[in-house]
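A.B. asks: Pasting a structure here, questions to come.
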Amino acid sequence: MRKTAIAAMVLAIVVVTLCVPLMAHHGTAAFENEKRVTLKGTVTEWLWSNPHCLLQFDVKGDDGKVVHWVGETQNPVSMTDRGWSKAAIKSGDEVTVVMLPVKNGVPLGRVVSVALPNGKTLVSGEGVSLEQRNELERQVRESK
């Protein structure tokens, strides 16, 4: 009986230890959640895949140098609920991207919105309250 209790305790400790890093994956500590950057660039790739969709684009700086940026969104199902699609963004599109950048200055961040060449703006729901995100999803459902 005592061996079973010890085994159960060890198993519980192992499960808790393994779950903590998995929850940290979805943290926002790496991002400047109060800061937004607006970038104009050319899409190089739009990856519509799990666990996160990725928007890759090149931004030409004032000095003429091109910086390759990567913007992360949520998974495809969540993005579809907000009006996004696999076909919405194409390589070569000139876009304006608003992002929550990472704190260490690497050209990486979470996408807040993307203004497309046709004038449409896609909003990710990042950087807004849960109520605002739910309202955005309600508006997308009603527009279909």
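Here, A, B, ... name the chains of the structure tokens in the order displayed, residue numbers run from 1 inside each chain, and ligands are numbered from 1 in the same displayed order.
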Which residues are close to A:Asp58, i.e. within 7 Å by only C-alpha atoms, leaving aside same-chain residues fewer than 6 positions away? Reply as a count of residues only.

C.D. replies: 8

A.B. asks: Set the distance at 9 Å and use only C-alpha atoms: which residues neighbour A:Gly125 once local chain neighbours fewer than 2 positions away are removed? I'd like the list as a ChimeraX atom specification.

C.D. replies: /A:79,82,111-113,123,127-130,132-134,136-137

A.B. asks: Okay, now the selection with N, CA, C and O atoms, as a PDB file, in the first residue's frame?

C.D. replies:
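selection_31.pdb, written as the output of this step:
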ATOM      1  N   MET A  79      -8.159  32.092 -36.088  1.00  0.00           N
ATOM      2  CA  MET A  79      -8.046  33.185 -37.048  1.00  0.00           C
ATOM      3  C   MET A  79      -9.250  33.215 -37.995  1.00  0.00           C
ATOM      4  O   MET A  79      -9.709  34.283 -38.383  1.00  0.00           O
ATOM      5  N   ARG A  82     -12.038  35.112 -36.756  1.00  0.00           N
ATOM      6  CA  ARG A  82     -11.820  36.562 -36.792  1.00  0.00           C
ATOM      7  C   ARG A  82     -11.785  37.096 -38.222  1.00  0.00           C
ATOM      8  O   ARG A  82     -11.376  38.234 -38.452  1.00  0.00           O
ATOM      9  N   VAL A 111       1.080  39.625 -34.350  1.00  0.00           N
ATOM     10  CA  VAL A 111       0.333  40.473 -35.270  1.00  0.00           C
ATOM     11  C   VAL A 111      -0.937  40.980 -34.595  1.00  0.00           C
ATOM     12  O   VAL A 111      -1.719  40.204 -34.060  1.00  0.00           O
ATOM     13  N   VAL A 112      -1.129  42.294 -34.648  1.00  0.00           N
ATOM     14  CA  VAL A 112      -2.350  42.928 -34.158  1.00  0.00           C
ATOM     15  C   VAL A 112      -3.317  43.111 -35.330  1.00  0.00           C
ATOM     16  O   VAL A 112      -4.499  42.805 -35.230  1.00  0.00           O
ATOM     17  N   SER A 113      -2.787  43.614 -36.466  1.00  0.00           N
ATOM     18  CA  SER A 113      -3.621  43.799 -37.654  1.00  0.00           C
ATOM     19  C   SER A 113      -2.756  43.821 -38.909  1.00  0.00           C
ATOM     20  O   SER A 113      -1.557  44.074 -38.838  1.00  0.00           O
ATOM     21  N   VAL A 123      -7.971  41.979 -38.402  1.00  0.00           N
ATOM     22  CA  VAL A 123      -7.610  42.227 -37.016  1.00  0.00           C
ATOM     23  C   VAL A 123      -7.502  40.880 -36.309  1.00  0.00           C
ATOM     24  O   VAL A 123      -8.405  40.047 -36.411  1.00  0.00           O
ATOM     25  N   GLY A 127      -3.666  41.981 -28.221  1.00  0.00           N
ATOM     26  CA  GLY A 127      -3.514  43.300 -27.635  1.00  0.00           C
ATOM     27  C   GLY A 127      -4.816  43.985 -27.272  1.00  0.00           C
ATOM     28  O   GLY A 127      -4.839  45.184 -27.038  1.00  0.00           O
ATOM     29  N   VAL A 128      -5.915  43.219 -27.270  1.00  0.00           N
ATOM     30  CA  VAL A 128      -7.206  43.781 -26.868  1.00  0.00           C
ATOM     31  C   VAL A 128      -7.790  42.915 -25.759  1.00  0.00           C
ATOM     32  O   VAL A 128      -7.356  41.795 -25.531  1.00  0.00           O
ATOM     33  N   SER A 129      -8.802  43.428 -25.114  1.00  0.00           N
ATOM     34  CA  SER A 129      -9.432  42.670 -24.028  1.00  0.00           C
ATOM     35  C   SER A 129     -10.232  41.497 -24.589  1.00  0.00           C
ATOM     36  O   SER A 129     -10.570  41.468 -25.785  1.00  0.00           O
ATOM     37  N   LEU A 130     -10.565  40.564 -23.732  1.00  0.00           N
ATOM     38  CA  LEU A 130     -11.380  39.419 -24.128  1.00  0.00           C
ATOM     39  C   LEU A 130     -12.738  39.887 -24.651  1.00  0.00           C
ATOM     40  O   LEU A 130     -13.252  39.342 -25.626  1.00  0.00           O
ATOM     41  N   GLN A 132     -13.416  42.721 -26.205  1.00  0.00           N
ATOM     42  CA  GLN A 132     -13.223  43.259 -27.551  1.00  0.00           C
ATOM     43  C   GLN A 132     -13.016  42.133 -28.562  1.00  0.00           C
ATOM     44  O   GLN A 132     -13.520  42.194 -29.679  1.00  0.00           O
ATOM     45  N   ARG A 133     -12.273  41.106 -28.171  1.00  0.00           N
ATOM     46  CA  ARG A 133     -12.042  39.966 -29.060  1.00  0.00           C
ATOM     47  C   ARG A 133     -13.354  39.243 -29.363  1.00  0.00           C
ATOM     48  O   ARG A 133     -13.635  38.881 -30.508  1.00  0.00           O
ATOM     49  N   ASN A 134     -14.171  39.042 -28.333  1.00  0.00           N
ATOM     50  CA  ASN A 134     -15.474  38.391 -28.534  1.00  0.00           C
ATOM     51  C   ASN A 134     -16.370  39.223 -29.443  1.00  0.00           C
ATOM     52  O   ASN A 134     -17.087  38.683 -30.283  1.00  0.00           O
ATOM     53  N   LEU A 136     -15.358  41.277 -31.813  1.00  0.00           N
ATOM     54  CA  LEU A 136     -14.799  41.123 -33.157  1.00  0.00           C
ATOM     55  C   LEU A 136     -15.291  39.832 -33.790  1.00  0.00           C
ATOM     56  O   LEU A 136     -15.744  39.817 -34.941  1.00  0.00           O
ATOM     57  N   GLU A 137     -15.238  38.734 -33.053  1.00  0.00           N
ATOM     58  CA  GLU A 137     -15.701  37.436 -33.570  1.00  0.00           C
ATOM     59  C   GLU A 137     -17.201  37.452 -33.848  1.00  0.00           C
ATOM     60  O   GLU A 137     -17.655  36.895 -34.845  1.00  0.00           O
TER      61      GLU A 137
END

A.B. asks: Which parts of stretch 17-131 of chain A does DSSP call strand (DSSP E) when run on the backbone here, written out as a CSV table (one decimal) with C-alpha atoms, in the first residue's frame?

C.D. replies:
chain,number,residue,atom,x,y,z
A,37,VAL,CA,5.0,49.0,-34.1
A,38,THR,CA,3.6,49.7,-37.5
A,39,LEU,CA,5.6,48.3,-40.5
A,40,LYS,CA,5.1,48.5,-44.2
A,41,GLY,CA,6.5,45.7,-46.2
A,42,THR,CA,6.2,43.0,-48.8
A,43,VAL,CA,4.9,39.5,-47.8
A,44,THR,CA,7.4,36.7,-48.5
A,45,GLU,CA,5.3,33.9,-47.0
A,46,TRP,CA,2.0,33.4,-45.2
A,47,LEU,CA,2.0,30.1,-43.3
A,54,LEU,CA,3.1,33.0,-39.4
A,55,LEU,CA,3.3,36.1,-41.6
A,56,GLN,CA,6.8,36.7,-43.0
A,57,PHE,CA,7.5,40.0,-44.7
A,58,ASP,CA,10.4,42.2,-45.7
A,59,VAL,CA,10.6,45.8,-44.5
A,60,LYS,CA,12.9,48.3,-46.2
A,66,VAL,CA,15.8,45.1,-45.8
A,67,VAL,CA,14.8,43.5,-42.5
A,68,HIS,CA,13.0,40.2,-42.6
A,69,TRP,CA,10.1,40.2,-40.0
A,70,VAL,CA,8.1,37.3,-38.7
A,71,GLY,CA,4.6,37.9,-37.2
A,72,GLU,CA,2.8,35.3,-35.2
A,94,GLU,CA,2.3,45.1,-50.0
A,95,VAL,CA,0.9,45.2,-46.5
A,96,THR,CA,0.9,47.4,-43.4
A,97,VAL,CA,1.4,45.3,-40.2
A,98,VAL,CA,0.8,46.4,-36.7
A,99,MET,CA,2.6,44.2,-34.2
A,100,LEU,CA,3.4,43.7,-30.5
A,101,PRO,CA,7.2,43.4,-30.9
A,108,LEU,CA,9.6,39.2,-34.4
A,109,GLY,CA,6.2,39.9,-32.8
A,110,ARG,CA,2.5,39.1,-32.5
A,111,VAL,CA,0.3,40.5,-35.3
A,112,VAL,CA,-2.4,42.9,-34.2
A,113,SER,CA,-3.6,43.8,-37.7
A,114,VAL,CA,-2.7,43.6,-41.3
A,115,ALA,CA,-3.9,46.2,-43.9
A,121,THR,CA,-7.8,45.3,-42.6
A,122,LEU,CA,-7.7,42.0,-40.8
A,123,VAL,CA,-7.6,42.2,-37.0

A.B. asks: Just to confirm, what's the straight-line distance from atom CA of A:Ser78 to atom CA of A:Gly92 in Å (one decimal)?

C.D. replies: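 Atom CA of A:Gly92 lies 24.7 Å from atom CA of A:Ser78.
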
A.B. asks: If you count only C-alpha atoms, which residues fall within 12 Å of A:Ala87, apart from same-chain ones fewer than 3 positions away, as a PyMOL selection string?

C.D. replies: chain A and resi 45-48+76+80+83-84+90-91+93+116

A.B. asks: May I ask for the distance between atom CA of A:Arg36 and atom CA of A:Val102, given in Å to one decimal place?

C.D. replies: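 Interatomic distance, atom CA of A:Arg36 to atom CA of A:Val102: 10.2 Å.
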
A.B. asks: Neighbours of A:Asn104 within 12 Å (only C-alpha atoms; same-chain residues fewer than 5 positions away dropped), as a list in words?

C.D. replies: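 Everything that qualifies: Ala29, Ala30, Phe31, Glu32 and Gly109 of chain A.
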
A.B. asks: If you run DSSP over the backbone, which residues in chain A end up alpha helix (DSSP H)? Put them as a PyMOL selection string.

C.D. replies: chain A and resi 2-24+76-81+130-143
